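Notes to accompany the following structure.
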There are 2 protein chains.
Amino acid sequence: MVDNLSNGSVETMKVLEGNPNFNFYKFDVNNTIKLRGVFDKHPFDMVFHMAANADTAKGEEAPHEDIENTLFTTLNVLEMMRIYEIKKFFFASSSTVYGNADERLQEHRSIMRPISHYGAGKLASEAFVSSFSHLRDFQVWIACFCYAVGPNMTQGVIPDLIRKLKAHPAELEVFGDGTQTKPFIWIDDLVDGVKWMLNHTNEDYNAYLVGVQSNVTVAQIAQIVMEEVGIQVPIKYTGDYKGSKGDVHKYSYDVSRLRLMGWTPKYTAEEAIRKSIRENLKNI
Amino acid sequence: MVDNLSNGSVETMKVLEGNPNFNFYKFDVNNTIKLRGVFDKHPFDMVFHMAANADTAKGEEAPHEDIENTLFTTLNVLEMMRIYEIKKFFFASSSTVYGNADERLQEHRSIMRPISHYGAGKLASEAFVSSFSHLRDFQVWIACFCYAVGPNMTQGVIPDLIRKLKAHPAELEVFGDGTQTKPFIWIDDLVDGVKWMLNHTNEDYNAYLVGVQSNVTVAQIAQIVMEEVGIQVPIKYTGDYKGSKGDVHKYSYDVSRLRLMGWTPKYTAEEAIRKSIRENLKNI
């Protein structure tokens, strides 16, 4: 694994300590000299590329964040695929490639018109994954992720609301009107979906939405936070907050393609949210 | 106009000489210092971005050709849109963003899976056009071009076949089996379609296929070349030629959206081919 740990930590890798098949290199994937060194050393059968700018709001003011960390990292890894003649490639894409959509997102059907540089970087990456894989004959799996939740969350609505309620237990302030709606998937379900896709699809180009059919609103999340903390206080909606301009306010997934093939996530969006709140209450 | 003339000449600009609204700067759009100089000097209302690597086969072996000349040029121009707060943007996209497709291409419906780095560079460009225009509130027109033909062609099937027939008038060698099929548009029709789109559409984001509904095969082109030269000789198909790996063998356009709105190209694909052969016979 190569990671500059801009958004991760050695802590979370402890579980892999002592595994003879795991090697960790701490550097930026855009350091192509070091990247070649890793490819020189290991004869990889398959490459999983997930490096990207994770702070999507930051990218709005500074496009180079997504251009460099989301797109250029992909171009560099694709060059390694080409140079080292590696034949299997996994790419983590995102619902953000679609931008605003009225209907449930469907792979190969929904219009791709990203409203954030993060989404543009992911779509631009997909474009070159397509051309490189065709011209260099390597097999591709693309998983288009929705909003993943789990333990140890550092940013986003879950730790935000927990912190607010603990700091001000008389009322719970919620940005906006509470209508922001997303399909939240439990992190283990996401990993399971990716594994399932890798084991059950074998075309030259395999692209799937990996997510849940159900959704949860921010208003529901606020309610579940209060239930799990064990207090009921009035919710105060700030009303005017629209989120960052590049954030898709509402979206939902049509995951029927993977489900018809047999995959089922264990938790609904609401169960994933509740589970994540319980886990995060342990540390916040 | 900014052009490095990598695929153009001062000759073709003679018609604009003396026009007080026309200024020409010869440099590469990736020279951002010089590019800023031009934007500093002129208060543009609208920017037309068409710079790209034109030698698509070259890009197959050297991805950086399309990454730099097709994608980076777009990113640089989009940065200028942002920095100079320009509110109207035109982008020349290409049928190649779609890759291989069984059905007629339709904007907003066909799967976008480019098979060349040129097509990937155009799709990646569209991705950032989308995010920049949303985040910076500028209006966008994207015209997705099919195969344009006209006078003074330097490369492609038309000058190739004319040159071959003139050099070896006993038979006409045609690469492949003659089934390569494309919607060829006469260059003036293409320009007219773009102008029509600019004058008749006014959404925030206007993306249209600009092309013809009709198609011509390479076998038909060979026949028309012989008719126009005035000789009939046997055609010898090489059979094994599949074109370059990144070339889409057959595609056709559904241009009903623009046509329903009232635009009609003057020439069919066959008429465009015949007209182009006549014009190019004057110089070859």
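Following the order of the structure tokens, chains are lettered A, B, ..., residues in each are numbered from 1, and ligands are numbered from 1.
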Strand (DSSP E or B) call set, DSSP backbone run, stretch 196-270 of chain A, as a compact mmCIF listing (two decimals) with N, CA and C atoms, in the first residue's frame:
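As a result, result08.txt now contains:
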```txt
# COMPACT_ATOMS: atom_id res chain seq x y z
N TYR A 205 -14.73 -4.61 -18.74
CA TYR A 205 -14.97 -3.33 -18.07
C TYR A 205 -16.20 -3.49 -17.19
N ASN A 206 -15.99 -3.52 -15.88
CA ASN A 206 -17.07 -3.78 -14.94
C ASN A 206 -17.29 -2.54 -14.07
N ALA A 207 -18.39 -1.86 -14.29
CA ALA A 207 -18.65 -0.62 -13.54
C ALA A 207 -20.00 -0.73 -12.85
N TYR A 208 -20.00 -0.58 -11.54
CA TYR A 208 -21.23 -0.73 -10.76
C TYR A 208 -21.35 0.34 -9.68
N LEU A 209 -22.60 0.73 -9.43
CA LEU A 209 -22.88 1.51 -8.24
C LEU A 209 -22.83 0.55 -7.06
N VAL A 210 -22.06 0.87 -6.05
CA VAL A 210 -22.03 0.05 -4.84
C VAL A 210 -22.59 0.92 -3.72
N VAL A 216 -31.40 8.47 4.04
CA VAL A 216 -31.70 9.09 5.33
C VAL A 216 -31.53 10.60 5.16
N THR A 217 -32.43 11.37 5.79
CA THR A 217 -32.29 12.83 5.76
C THR A 217 -31.48 13.29 6.96
N ILE A 235 -34.91 20.71 18.05
CA ILE A 235 -33.95 20.89 16.95
C ILE A 235 -34.10 22.30 16.41
N LYS A 236 -32.99 23.00 16.26
CA LYS A 236 -33.03 24.34 15.67
C LYS A 236 -32.37 24.30 14.30
N TYR A 237 -33.21 24.46 13.28
CA TYR A 237 -32.66 24.46 11.92
C TYR A 237 -32.19 25.87 11.57
N LYS A 250 -29.42 16.26 -2.56
CA LYS A 250 -30.19 15.01 -2.42
C LYS A 250 -29.81 14.07 -3.54
N TYR A 253 -29.66 6.01 -4.87
CA TYR A 253 -29.03 5.01 -5.73
C TYR A 253 -30.05 3.98 -6.19
```
Counting only C-alpha atoms, collect the residues of chain B whose closest atom lies at most 9 Å from chain A, and write them out as a PDB file with C-alpha atoms, in the first residue's frame.
```
ATOM      1  CA  GLU B  60      -1.968   6.203 -28.334  1.00  0.00           C
ATOM      2  CA  PRO B  63      -0.558   9.486 -23.507  1.00  0.00           C
ATOM      3  CA  ILE B  67      -3.128  14.691 -21.343  1.00  0.00           C
ATOM      4  CA  LEU B  75      -7.796  23.227 -17.298  1.00  0.00           C
ATOM      5  CA  GLU B  79      -8.641  28.739 -14.640  1.00  0.00           C
ATOM      6  CA  VAL B  97     -15.980  10.741 -25.786  1.00  0.00           C
ATOM      7  CA  GLY B  99     -16.098   5.154 -27.618  1.00  0.00           C
ATOM      8  CA  HIS B 108     -27.205  12.719 -22.407  1.00  0.00           C
ATOM      9  CA  ARG B 109     -28.075   9.087 -23.205  1.00  0.00           C
ATOM     10  CA  SER B 110     -25.175   7.180 -24.716  1.00  0.00           C
ATOM     11  CA  ILE B 111     -22.561   5.607 -22.461  1.00  0.00           C
ATOM     12  CA  MET B 112     -19.340   7.607 -22.377  1.00  0.00           C
ATOM     13  CA  ARG B 113     -16.468   5.162 -22.517  1.00  0.00           C
ATOM     14  CA  PRO B 114     -13.670   6.560 -24.691  1.00  0.00           C
ATOM     15  CA  ILE B 115     -11.263   4.127 -26.372  1.00  0.00           C
ATOM     16  CA  SER B 116      -8.607   6.738 -27.224  1.00  0.00           C
ATOM     17  CA  HIS B 117      -6.668   9.105 -25.011  1.00  0.00           C
ATOM     18  CA  TYR B 118      -7.965  11.858 -27.276  1.00  0.00           C
ATOM     19  CA  GLY B 119     -11.553  10.922 -26.359  1.00  0.00           C
ATOM     20  CA  ALA B 120     -10.554  10.585 -22.696  1.00  0.00           C
ATOM     21  CA  GLY B 121      -8.962  14.037 -22.799  1.00  0.00           C
ATOM     22  CA  LYS B 122     -12.175  15.484 -24.247  1.00  0.00           C
ATOM     23  CA  LEU B 123     -14.381  13.705 -21.669  1.00  0.00           C
ATOM     24  CA  ALA B 124     -12.062  14.704 -18.817  1.00  0.00           C
ATOM     25  CA  SER B 125     -12.268  18.265 -20.131  1.00  0.00           C
ATOM     26  CA  GLU B 126     -16.070  18.116 -20.135  1.00  0.00           C
ATOM     27  CA  ALA B 127     -15.960  16.937 -16.505  1.00  0.00           C
ATOM     28  CA  PHE B 128     -14.072  20.047 -15.380  1.00  0.00           C
ATOM     29  CA  VAL B 129     -16.088  22.334 -17.653  1.00  0.00           C
ATOM     30  CA  SER B 130     -19.079  21.051 -15.686  1.00  0.00           C
ATOM     31  CA  SER B 131     -17.593  21.615 -12.216  1.00  0.00           C
ATOM     32  CA  PHE B 132     -15.989  24.994 -12.998  1.00  0.00           C
ATOM     33  CA  SER B 133     -19.145  26.334 -14.653  1.00  0.00           C
ATOM     34  CA  HIS B 134     -21.298  25.249 -11.699  1.00  0.00           C
ATOM     35  CA  LEU B 135     -18.953  26.567  -9.007  1.00  0.00           C
ATOM     36  CA  LYS B 245      -6.733   0.741 -31.853  1.00  0.00           C
ATOM     37  CA  GLY B 246      -8.226   3.959 -30.531  1.00  0.00           C
TER      38      GLY B 246
END
```
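Restricting the calculation to only C-alpha atoms, the smallest distance between A:Arg82 and any of A:Phe39, A:Val29, A:Glu279, A:Tyr267 is found for A:Phe39.
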Quick one: everything within 10 Å of B:Asn30, counting only C-alpha atoms, minus sequence neighbours fewer than 2 positions away in the same chain. Send it as a PDB file with C-alpha atoms, in the first residue's frame.
```pdb
ATOM      1  CA  ASN B   4       0.686  27.311 -31.379  1.00  0.00           C
ATOM      2  CA  PHE B  27       1.993  30.359 -28.390  1.00  0.00           C
ATOM      3  CA  ASP B  28       0.949  27.207 -26.596  1.00  0.00           C
ATOM      4  CA  THR B  32       0.015  30.156 -18.631  1.00  0.00           C
ATOM      5  CA  ILE B  33       2.219  33.249 -18.253  1.00  0.00           C
ATOM      6  CA  LYS B  34       1.535  34.278 -21.843  1.00  0.00           C
ATOM      7  CA  LEU B  35      -2.077  33.198 -21.543  1.00  0.00           C
ATOM      8  CA  ALA B  51      -7.134  23.579 -28.548  1.00  0.00           C
ATOM      9  CA  GLU B  68      -1.166  17.891 -21.975  1.00  0.00           C
ATOM     10  CA  ASN B  69      -2.609  19.219 -25.226  1.00  0.00           C
ATOM     11  CA  PHE B  72      -4.304  20.574 -19.561  1.00  0.00           C
ATOM     12  CA  THR B  73      -5.139  23.240 -22.149  1.00  0.00           C
ATOM     13  CA  THR B  74      -8.761  23.001 -20.966  1.00  0.00           C
ATOM     14  CA  LEU B  75      -7.796  23.227 -17.298  1.00  0.00           C
ATOM     15  CA  ASN B  76      -5.680  26.304 -18.022  1.00  0.00           C
ATOM     16  CA  VAL B  77      -8.454  28.029 -19.940  1.00  0.00           C
TER      17      VAL B  77
END
```
